[in-house]
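First the structure, in the form of structure tokens, and then the observations on it.
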Amino acid sequence: MPDPFIDLHAHSSVSDGTERPADLVRAAAAAGLDAVALTDHDTTAGWAEAIATVQDLPVTLLPGLELSTRVGYRSVHVLGYLVDPEDPGLVAETERIRDGRLARARRMVERIGRDHPITWDDVLAQSRDGATIGRPHIADALVARGLEPDRSAAFRGILHPASGYYEPHEAPTPLRGVELIRQAGGVPVIAHPAASTRGIVIDEPVLRELVEAGLGGLEVDHRENLAHGKRTLLDWAARYDLVVTGSSDYHGTGKPNRLGEHRTSRAAFDAICAEATGSAPVVGAGSRLA
């Protein structure tokens, strides 16, 4: 039997993707995936819809989230797989992060609006009820207004940190993020740690602290990770006995990333599932991972 087709990083419209959670898991089935992880930013609000839909599909769903954390001005995203979605500490922290994102987005739109014809209502028009509003929605509003050709261009232009409109949002440290995910019974994996625009987002002394706190793995195969960074990540993974994952970071039409463009091994998938105590994978009808 060929290796399963596993993608452990995808977003729905509950955060900054363009497809409802139900449509995301349908897209995963259509792409031939055996398993997909739903990892919306700082929320598990899409889980119920995805779980209800995947029951009748030949796909296994790994429920999760992508937790925002920060070291100084550097953003570090931590994927949390199979957490308890009702864990009080995680719920409180994600609510705080989402509130901070919302306030920050409003301030950014106010500043942009002084120079460009865009309003907060334009941004709200690009999001669904209950979505975690952030820069992607501002980008979509800029595109709708004809101020940028697409979302990627908006991030290179008006929304770039050097533009003068950008400001960081409030977030816990990566150490706190790893602790929160472990306390919620989940498995923490650092997302795209060697993204090309930032270099490797943590150094080895920080990594050692995270490993001691329960870090489970590193997302190595990702389109934004540079080749030399991947070599360092693989060395760290071997040295500290960390799981290595590969993922698309799919956002529907919001990004060029395609489902399954990078994959996670069955061994890594099984290791994550074996460690988690907060929730369990949801096996759809006919899934090869049953």
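Residue numbering restarts at 1 for every chain of the structure tokens, chains are lettered A, B, ... in their displayed order, and ligands are numbered from 1 as they appear.
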
Which of stretch 165-225 of chain A fall in strand (DSSP E), as a list of chain:residue names: A:Val187, A:Pro188, A:Val189, A:Ile190, A:Gly217, A:Leu218, A:Glu219, A:Val220, A:Asp221

For stretch 125-139 of chain A, please output as a PyMOL selection string all residues within 8 Å (counting only C-alpha atoms; exclusion window: fewer than 2 positions along the same chain). chain A and resi 13-16+41-43+98+101-102+105+109+121-123+141-143+148+150-151+154-155+159+254

Could you please write out, as number ranges by chain, every residue of stretch 59-141 of chain A that DSSP assigns to alpha helix (DSSP H)? A: 88-113, 120-124, 135-141

So which residues touch stretch 53-56 of chain A within 8 Å, counting only C-alpha atoms, skipping near sequence neighbours fewer than 2 positions away, as an MDAnalysis selection string? chainID A and resid 22 25:26 49:51 58:61 282:285

Selection to disk with N, CA, C and O atoms, as a PDB file, in the first residue's frame:
ATOM      1  N   ALA A  22     -16.725  22.813   6.184  1.00  0.00           N
ATOM      2  CA  ALA A  22     -17.301  21.680   5.445  1.00  0.00           C
ATOM      3  C   ALA A  22     -16.705  21.593   4.050  1.00  0.00           C
ATOM      4  O   ALA A  22     -16.378  20.499   3.556  1.00  0.00           O
ATOM      5  N   VAL A  25     -12.991  20.206   4.065  1.00  0.00           N
ATOM      6  CA  VAL A  25     -12.798  18.753   4.134  1.00  0.00           C
ATOM      7  C   VAL A  25     -13.274  18.090   2.848  1.00  0.00           C
ATOM      8  O   VAL A  25     -12.705  17.067   2.429  1.00  0.00           O
ATOM      9  N   ARG A  26     -14.278  18.656   2.187  1.00  0.00           N
ATOM     10  CA  ARG A  26     -14.679  18.132   0.871  1.00  0.00           C
ATOM     11  C   ARG A  26     -13.547  18.324  -0.148  1.00  0.00           C
ATOM     12  O   ARG A  26     -13.282  17.446  -0.973  1.00  0.00           O
ATOM     13  N   GLU A  49     -18.436  21.825  12.433  1.00  0.00           N
ATOM     14  CA  GLU A  49     -18.876  21.719  11.040  1.00  0.00           C
ATOM     15  C   GLU A  49     -18.005  20.735  10.265  1.00  0.00           C
ATOM     16  O   GLU A  49     -18.510  19.909   9.496  1.00  0.00           O
ATOM     17  N   ALA A  50     -16.706  20.809  10.464  1.00  0.00           N
ATOM     18  CA  ALA A  50     -15.798  19.903   9.757  1.00  0.00           C
ATOM     19  C   ALA A  50     -16.025  18.461  10.184  1.00  0.00           C
ATOM     20  O   ALA A  50     -16.036  17.540   9.348  1.00  0.00           O
ATOM     21  N   ILE A  51     -16.208  18.232  11.483  1.00  0.00           N
ATOM     22  CA  ILE A  51     -16.419  16.882  12.003  1.00  0.00           C
ATOM     23  C   ILE A  51     -17.714  16.286  11.447  1.00  0.00           C
ATOM     24  O   ILE A  51     -17.763  15.118  11.038  1.00  0.00           O
ATOM     25  N   PRO A  58     -14.052   9.895   2.649  1.00  0.00           N
ATOM     26  CA  PRO A  58     -12.925   8.972   2.870  1.00  0.00           C
ATOM     27  C   PRO A  58     -11.675   9.697   3.349  1.00  0.00           C
ATOM     28  O   PRO A  58     -10.578   9.530   2.807  1.00  0.00           O
ATOM     29  N   VAL A  59     -11.852  10.531   4.364  1.00  0.00           N
ATOM     30  CA  VAL A  59     -10.772  11.363   4.896  1.00  0.00           C
ATOM     31  C   VAL A  59     -10.789  11.281   6.422  1.00  0.00           C
ATOM     32  O   VAL A  59     -11.856  11.205   7.024  1.00  0.00           O
ATOM     33  N   THR A  60      -9.606  11.303   7.030  1.00  0.00           N
ATOM     34  CA  THR A  60      -9.499  11.435   8.487  1.00  0.00           C
ATOM     35  C   THR A  60      -9.184  12.886   8.814  1.00  0.00           C
ATOM     36  O   THR A  60      -8.297  13.482   8.207  1.00  0.00           O
ATOM     37  N   LEU A  61      -9.931  13.442   9.753  1.00  0.00           N
ATOM     38  CA  LEU A  61      -9.746  14.837  10.172  1.00  0.00           C
ATOM     39  C   LEU A  61      -8.954  14.878  11.469  1.00  0.00           C
ATOM     40  O   LEU A  61      -9.278  14.185  12.432  1.00  0.00           O
ATOM     41  N   VAL A 282     -10.885  12.184  13.750  1.00  0.00           N
ATOM     42  CA  VAL A 282     -12.224  11.779  13.322  1.00  0.00           C
ATOM     43  C   VAL A 282     -12.073  11.055  11.999  1.00  0.00           C
ATOM     44  O   VAL A 282     -11.673  11.651  10.994  1.00  0.00           O
ATOM     45  N   VAL A 283     -12.369   9.759  11.994  1.00  0.00           N
ATOM     46  CA  VAL A 283     -12.139   8.925  10.823  1.00  0.00           C
ATOM     47  C   VAL A 283     -13.405   8.880   9.972  1.00  0.00           C
ATOM     48  O   VAL A 283     -14.462   8.436  10.413  1.00  0.00           O
ATOM     49  N   GLY A 284     -13.294   9.385   8.746  1.00  0.00           N
ATOM     50  CA  GLY A 284     -14.424   9.372   7.834  1.00  0.00           C
ATOM     51  C   GLY A 284     -14.661   7.998   7.242  1.00  0.00           C
ATOM     52  O   GLY A 284     -13.808   7.106   7.299  1.00  0.00           O
ATOM     53  N   ALA A 285     -15.838   7.831   6.632  1.00  0.00           N
ATOM     54  CA  ALA A 285     -16.205   6.553   6.026  1.00  0.00           C
ATOM     55  C   ALA A 285     -15.245   6.211   4.899  1.00  0.00           C
ATOM     56  O   ALA A 285     -15.040   6.984   3.977  1.00  0.00           O
TER      57      ALA A 285
END

Between atom CA of A:Ile118 and atom CA of A:Pro168, what distance in Å does the model show, to one decimal?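 Result for atom CA of A:Ile118 versus atom CA of A:Pro168: 20.3 Å, one decimal.
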
Best match for closeness to A:Ser287 among A:Leu8, A:Cys273, A:Ala35, A:Ala30, counting only C-alpha atoms: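 Selected residue with least distance to A:Ser287: A:Ala35.
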
Close residues, stretch 266-271 of chain A itself excluded, 10 Å, only C-alpha atoms, min 3 positions apart in chain, as a list of chain:residue names: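 Here the answer would be A:Asp3, A:Pro4, A:Phe5, A:Ile6, A:Asp7, A:Leu8, A:Ala35, A:Leu62, A:Val187, A:Gly216, A:Gly217, A:Leu242, A:Val243, A:Val244, A:Thr245, A:Gly246, A:Arg263, A:Ala274, A:Glu275, A:Ala276, A:Leu289.
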
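Between atom CA of A:Glu19 and atom CA of A:Asp140 the separation is 14.1 Å.
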
Nearest to A:His160 by atom-to-atom distance, counting only C-alpha atoms, from A:Glu224, A:Trp47, A:His251, A:Ile112: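 Using only C-alpha atoms, the shortest distance to A:His160 belongs to A:Ile112.
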
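Here atom CA of A:Val220 is placed at a distance of 26.8 Å from atom CA of A:Arg20.
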